[in-house]
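J.: I'd like to ask you about the structure that follows.
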Amino acid sequence: MNDSELKYWVALQRIPGIGPARFGALERAFDSLADAWTAPKSALMAAGLTASAASKLVAGRPDVDPDGELGRLYEA
């Protein structure tokens with residue numbers, strides 16, 4: 001996995017309600033994790049997320065910086 005995908009992998013893990021099953025649904029539904037990260041709620045729901053999980057992902061984006069998360073990962 002390259003850094004451009006890894007940062008979205010890490011960022012998605014920081015969203016409450018996005019566990020392994022939902023993460024897998026996003027991986028299967030979108031060409032990239034970046035696409036999943038930026039998708040509208042309707043596309044997230046079409047990918048298999050519940051309305052609640054899709055809302056949490058959309059609402060959580062402003063609080064999670066994928067580049068910052070990747071930087072913290074490398075610092076650790």
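We name chains A, B, ... following the order of the structure tokens; residues begin at 1 in each chain, and ligands are numbered from 1 as shown.
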For A:Ser42, list every protein, DNA or RNA residue within 12 Å, evaluated using only C-alpha atoms, and leave out those in the same chain fewer than 2 positions away; present the list as a list in words.
T.: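 Residues near the query, excluding close chain neighbours: Ala36, Thr38, Ala39, Pro40, Leu44, Met45, Ala46, Ala47, Gly48, Leu49, Thr50, Ala51, Ser52, Ala53, Ala54, Ser55, Leu57 and Val58 of chain A.
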J.: Give me, as an MDAnalysis selection string, the residues of stretch 12-74 of chain A that a backbone DSSP run labels helix (DSSP H, G or I).
T.: chainID A and resid 12:13 20:29 33:38 41:46 51:63 66:74
J.: Restricted to N, CA and C atoms, what would the selected residues look like written as a compact mmCIF listing (two decimals), in the first residue's frame?
T.:
# COMPACT_ATOMS: atom_id res chain seq x y z
N LEU A 12 -9.56 6.60 8.10
CA LEU A 12 -10.83 5.89 8.22
C LEU A 12 -10.91 5.12 9.54
N GLN A 13 -9.77 4.63 10.01
CA GLN A 13 -9.75 3.90 11.28
C GLN A 13 -10.06 4.83 12.46
N PRO A 20 -13.85 -3.28 10.88
CA PRO A 20 -13.37 -4.12 9.78
C PRO A 20 -14.41 -4.41 8.70
N ALA A 21 -15.63 -4.70 9.08
CA ALA A 21 -16.65 -5.05 8.08
C ALA A 21 -17.00 -3.84 7.21
N ARG A 22 -17.20 -2.70 7.84
CA ARG A 22 -17.53 -1.50 7.07
C ARG A 22 -16.34 -1.03 6.24
N PHE A 23 -15.16 -1.15 6.80
CA PHE A 23 -13.97 -0.80 6.05
C PHE A 23 -13.86 -1.67 4.80
N GLY A 24 -14.10 -2.95 4.95
CA GLY A 24 -14.07 -3.86 3.82
C GLY A 24 -15.09 -3.50 2.76
N ALA A 25 -16.28 -3.08 3.20
CA ALA A 25 -17.31 -2.66 2.25
C ALA A 25 -16.84 -1.44 1.46
N LEU A 26 -16.17 -0.52 2.12
CA LEU A 26 -15.65 0.66 1.44
C LEU A 26 -14.57 0.28 0.43
N GLU A 27 -13.68 -0.62 0.83
CA GLU A 27 -12.62 -1.07 -0.08
C GLU A 27 -13.20 -1.72 -1.34
N ARG A 28 -14.25 -2.51 -1.16
CA ARG A 28 -14.85 -3.19 -2.30
C ARG A 28 -15.63 -2.22 -3.21
N ALA A 29 -16.22 -1.21 -2.63
CA ALA A 29 -17.12 -0.33 -3.38
C ALA A 29 -16.42 0.80 -4.13
N LEU A 33 -9.23 4.30 -1.44
CA LEU A 33 -9.68 4.78 -0.13
C LEU A 33 -9.86 6.29 -0.13
N ALA A 34 -9.12 6.99 -0.98
CA ALA A 34 -9.32 8.43 -1.13
C ALA A 34 -10.73 8.71 -1.64
N ASP A 35 -11.20 7.90 -2.59
CA ASP A 35 -12.56 8.06 -3.09
C ASP A 35 -13.58 7.79 -1.99
N ALA A 36 -13.34 6.80 -1.17
CA ALA A 36 -14.24 6.50 -0.06
C ALA A 36 -14.25 7.66 0.93
N TRP A 37 -13.08 8.22 1.20
CA TRP A 37 -12.96 9.31 2.17
C TRP A 37 -13.75 10.54 1.72
N THR A 38 -13.78 10.81 0.45
CA THR A 38 -14.42 12.02 -0.06
C THR A 38 -15.84 11.79 -0.57
N LYS A 41 -22.54 11.10 1.40
CA LYS A 41 -23.25 10.15 2.24
C LYS A 41 -24.01 9.13 1.41
N SER A 42 -24.65 9.57 0.35
CA SER A 42 -25.44 8.65 -0.48
C SER A 42 -24.57 7.54 -1.08
N ALA A 43 -23.37 7.88 -1.52
CA ALA A 43 -22.47 6.88 -2.08
C ALA A 43 -21.95 5.94 -1.00
N LEU A 44 -21.74 6.45 0.19
CA LEU A 44 -21.30 5.61 1.31
C LEU A 44 -22.39 4.60 1.66
N MET A 45 -23.63 5.06 1.65
CA MET A 45 -24.75 4.16 1.93
C MET A 45 -24.91 3.13 0.81
N ALA A 46 -24.70 3.55 -0.42
CA ALA A 46 -24.78 2.61 -1.55
C ALA A 46 -23.68 1.56 -1.45
N ALA A 51 -26.98 4.37 7.46
CA ALA A 51 -27.12 5.84 7.46
C ALA A 51 -26.33 6.44 8.62
N SER A 52 -26.35 5.78 9.75
CA SER A 52 -25.63 6.27 10.92
C SER A 52 -24.12 6.26 10.69
N ALA A 53 -23.59 5.17 10.17
CA ALA A 53 -22.15 5.07 9.93
C ALA A 53 -21.72 6.06 8.85
N ALA A 54 -22.52 6.21 7.81
CA ALA A 54 -22.20 7.17 6.76
C ALA A 54 -22.19 8.59 7.31
N SER A 55 -23.16 8.90 8.16
CA SER A 55 -23.21 10.23 8.78
C SER A 55 -22.00 10.48 9.66
N LYS A 56 -21.58 9.47 10.42
CA LYS A 56 -20.41 9.61 11.28
C LYS A 56 -19.15 9.85 10.45
N LEU A 57 -19.04 9.16 9.34
CA LEU A 57 -17.87 9.35 8.48
C LEU A 57 -17.85 10.77 7.92
N VAL A 58 -18.97 11.21 7.38
CA VAL A 58 -19.05 12.56 6.81
C VAL A 58 -18.80 13.61 7.89
N ALA A 59 -19.41 13.44 9.05
CA ALA A 59 -19.26 14.41 10.14
C ALA A 59 -17.85 14.40 10.73
N GLY A 60 -17.18 13.25 10.68
CA GLY A 60 -15.85 13.12 11.27
C GLY A 60 -14.72 13.63 10.41
N ARG A 61 -14.95 13.81 9.13
CA ARG A 61 -13.88 14.24 8.22
C ARG A 61 -13.18 15.53 8.65
N PRO A 62 -13.92 16.56 9.05
CA PRO A 62 -13.23 17.81 9.43
C PRO A 62 -12.29 17.65 10.63
N ASP A 63 -12.53 16.65 11.45
CA ASP A 63 -11.72 16.45 12.65
C ASP A 63 -10.52 15.53 12.44
N PRO A 66 -5.97 13.32 7.15
CA PRO A 66 -5.23 12.14 6.69
C PRO A 66 -3.72 12.34 6.64
N ASP A 67 -3.26 13.51 6.18
CA ASP A 67 -1.81 13.75 6.14
C ASP A 67 -1.23 13.79 7.55
N GLY A 68 -1.94 14.43 8.47
CA GLY A 68 -1.48 14.49 9.85
C GLY A 68 -1.44 13.11 10.50
N GLU A 69 -2.45 12.30 10.20
CA GLU A 69 -2.47 10.94 10.75
C GLU A 69 -1.29 10.12 10.24
N LEU A 70 -0.96 10.28 8.96
CA LEU A 70 0.18 9.56 8.41
C LEU A 70 1.48 10.04 9.06
N GLY A 71 1.60 11.33 9.27
CA GLY A 71 2.78 11.87 9.94
C GLY A 71 2.94 11.32 11.34
N ARG A 72 1.82 11.24 12.10
CA ARG A 72 1.88 10.69 13.45
C ARG A 72 2.25 9.20 13.42
N LEU A 73 1.78 8.50 12.41
CA LEU A 73 2.13 7.08 12.27
C LEU A 73 3.63 6.92 12.08
N TYR A 74 4.21 7.72 11.21
CA TYR A 74 5.64 7.62 10.97
C TYR A 74 6.47 8.08 12.16
J.: Between atom CA of A:Gly17 and atom CA of A:Glu75, what is the distance in Å, rounded to a tenth?
T.: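 About the pair atom CA of A:Gly17 and atom CA of A:Glu75: they are 25.8 Å apart.
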